[in-house]
Amino acid sequence: MEKILFKHIDFPEQYKIDVYIKNGGYIALSKALKEFTPDDLIEMVKKSNLRGRGGAGFPTGVKWGFVPKDSPKAKYLICNADEGEPGTFKDRWLLEKDPHQLLEGIIISSYATGAHLCFIYIRGEFSFGAKRLKGAIEEAYQKGFLGKNILGTGFDLDIILYRGGGAYICGEETSLMNSIQGERGLTRLKPPFPTSAGVYECPTVINNVETLSNIPHIVLNGPEWFSSIGTPTSPGPKIYSVSGHVKKPGNYELPMGTTLKEIIYEHAGGIKDNKNLKAVIPGGISTPVLTPDKLFAKMDFDSMCDVGSMLGSGAVIVMDETTCMVKSAQRMVKFFEHESCGKCTPCREGTYWLSRILERIENGGGEEGDIQLLLDICDNICGKTLCPMGDGAIIPVLSTIENFREEYEYHIKNKKCMVTPVRRFD
Amino acid sequence: MISKKIKGRIVELKEKFPQRKSAILPALHLVLKEKNYVEKESLKEIAGLLELPPIEVFETASFYTMFPQKKVGKYHIQVCTNLSCSLLGAEELVKYLEEKLKIKVGETTPNGMFTLSTVECLGSCGTAPMMQINEDYYENLTKEKVDRILDDLLKKQI
């Protein structure tokens with residue numbers, strides 16, 4: 001596949017507007033605003049079957065179509081740049097290296113959804129990305145791509161770059177909206193969904209960076225072109241972030257539905273130090289771990305479900321034979337314990353206790369019955385929280401017990417890891 | 001005390017958003033950039049400048065990990081210890097920094113130069129292990145690289 005989102009990712013100074021325009025940038029914006037109505041664009045994106053790249057895979061055009069046309073309230077677009085799912089670093093590349101591609105997608109999407117103010121909610125730690133975006137937004141205003149009467153079409157749009165404060169949960173859309181409102185990033189009960197009552201109680205469309213970056217290409221090349229890439233139910237290109245024990249970690253833009261085997265062995269160069277593969281997390285730590293017998297699986301929304309996992313953000317974390325799975329689970333759960341917003345008791349308390357028990361097992365204090373205790377706590381979290389974080393937090397525990405139960409048993413019985421740790425930092 | 005310059009910028013934020021409360025996080029970032037931490041006194045000042053009840057600013061600020069309320073060193077070293085980084089030696093990196101700086105995680109060197117913290121994923125998983133010092137990312141770390149980075153920061157002082 002010819003690169004699409006990453007076509008100019010390594011082009012010198014691609015982040016500057018003149019270079020972006022020289023490389024064909026902002027043609028899609030002109031086309032969208034001058035040749036299409038907002039409804040045309042919504043239909044186009046529906047037809048392309050672009051699905052949200054933040055992890056949930058919800059059809060973008062359908063989401064746009066939910067915005068009420070007759071609402072007297074202001075409408076907002078939010079670009080979710082709060083990339084925080086461990087293992088994921090694709091949006092960071094997109095916004096640092098090709099910020100105008102994102103801005104062009106945002107302006108077209110705002111026009112389609114009737115928004116005149118857009119927030120880019122960028123995770124607080126991405127200082128460099130924020131600087132790049134700030135510069136790009138200023139350039140876009142100067143060229144008349146933002147502000148009043150864009151390209152003489154009468155369409156107005158302002159963008160506010162809003163920096164988060166280091167809370168993973170603010171990547172969850174309802175927490176994100178509370179955060180923009182200057183509140184603690186607690187989740188909200190849905191419904192109402194953001195498209196009817198979002199930020200400031202107004203209709204709001206929230207899309208991920210990668211999702212929005214696809215929009216100019218759909219406008220330029222048409223929905224048929226887009227849906228001819230990837231698989232019929234998960235079309236388009238996908239950026240896979242590969243990390244962990246591989247020879248060439250990095251972001252790889254490939255068609256949706258590329259197999260895990262191809263991603264890990266062909267693109268990421270195979271397992272580091274020629275060791276054997278033990279486990280793969282396919283879509284960030286909220287997705288179930290897979291064993292090497294699942295390498296044939298395609299990385300798209302539906303195929304990942306078929307093998308008992310999820311595509312998530314497409315963040316492939318590779319673990320070789322020297323990895324202790326109990327320790328990995330403990331490390332992942334510690335993250336969820338730290339990041340639970342605290343609103344729902346099962347998540348707040350459950351992740352605390354999962355973390356304590358896993359720490360105890362890892363440190364040689366495991367007791368008989370601990371595995372069942374972990375499973376019971378997971379059961380008490382599952383489906384009992386307002387947002388998906390509770391369900392995400394139990395996944396590392398459930399999927400490692402399911403696939404590597406013997407490591408837990410060995411740990412509890414022998415008070416130590418089944419594997420010998422390898423020095424990695426020298 | 002927040003500087004006069006930053007105070008002016010905080011006041012400007014008051015009318016920038018559809019609702020004034022949205023100015024809290026941007027105000028916290030301005031203070032953080034200036035001081036590396038945002039202590040209670042600054043929170044009160046922010047509330048005054050934005051004409052919001054102080055409790056609203058306390059409530060919001062205390063939720064977000066990026067705004068430490070206790071004084072930190074001139075250089076705040078934050079090491080990612082999430083899964084991808086720990087698979088590539090983040091814990092050994094933390095240990096190395098503890099030995100080198102002669103402090104434990106959560107502490108500041110007696111000269112007030114370095115504070116060492118561990119943090120969750122910073123979105124730099126393909127370049128692990130990594131650390132953030134103030135606003136900058138340092139990636140693909142080795143012992144030699146860490147030595148050089150810290151030496152360079154110390155040299156800047158002289």
# chains A, B, ... in the order shown; residues from 1 in each chain; ligands from 1

$ closest_atom_pairs --of "chain B" --to "chain A" --cutoff "7 Å" --atoms "only C-alpha atoms" --output "tab-separated table"
residue	atom	partner	partner_atom	distance
B:Lys21	CA	A:Gly182	CA	4.9
B:Ser22	CA	A:Gly182	CA	4.1
B:Ala23	CA	A:Gly182	CA	6.6
B:Ile24	CA	A:Gly182	CA	5.6
B:Leu25	CA	A:Gly182	CA	6.3
B:Pro26	CA	A:Arg163	CA	6.9
B:Glu59	CA	A:Arg184	CA	6.9
B:Thr60	CA	A:Arg184	CA	4.9
B:Phe63	CA	A:Arg184	CA	5.7
B:Tyr64	CA	A:Gly165	CA	5.1
B:Thr65	CA	A:Gly166	CA	5.5
B:Met66	CA	A:Gly165	CA	5.3
B:Asn82	CA	A:Arg331	CA	6.6
B:Leu83	CA	A:Arg331	CA	6.2
B:Ser84	CA	A:Gly244	CA	5.0
B:Leu87	CA	A:Gly244	CA	5.9
B:Leu88	CA	A:Arg424	CA	5.3
B:Gly89	CA	A:Arg424	CA	4.7
B:Glu92	CA	A:Phe425	CA	6.1
B:Leu93	CA	A:Phe425	CA	6.4
B:Glu120	CA	A:Phe335	CA	6.5
B:Cys121	CA	A:Pro86	CA	5.4
B:Leu122	CA	A:Glu125	CA	6.9
B:Gly123	CA	A:Phe89	CA	4.8
B:Ser124	CA	A:Phe89	CA	6.0
B:Cys125	CA	A:Gly87	CA	5.5
B:Gly126	CA	A:Ser243	CA	4.8
B:Glu135	CA	A:Ser127	CA	6.0
B:Thr142	CA	A:Asp426	CA	5.5
B:Lys143	CA	A:Asp426	CA	5.5

$ select_by_dssp --residues "chain B" --states "helix (DSSP H, G or I)" --output "number ranges by chain"
B: 4-13, 20-35, 40-50, 54-61, 83-87, 90-101, 125-127, 143-157

$ select_by_dssp --residues "segment 113-155 of chain A" --states "strand (DSSP E or B)" --output "PyMOL selection string"
chain A and resi 117-122+147-150+155
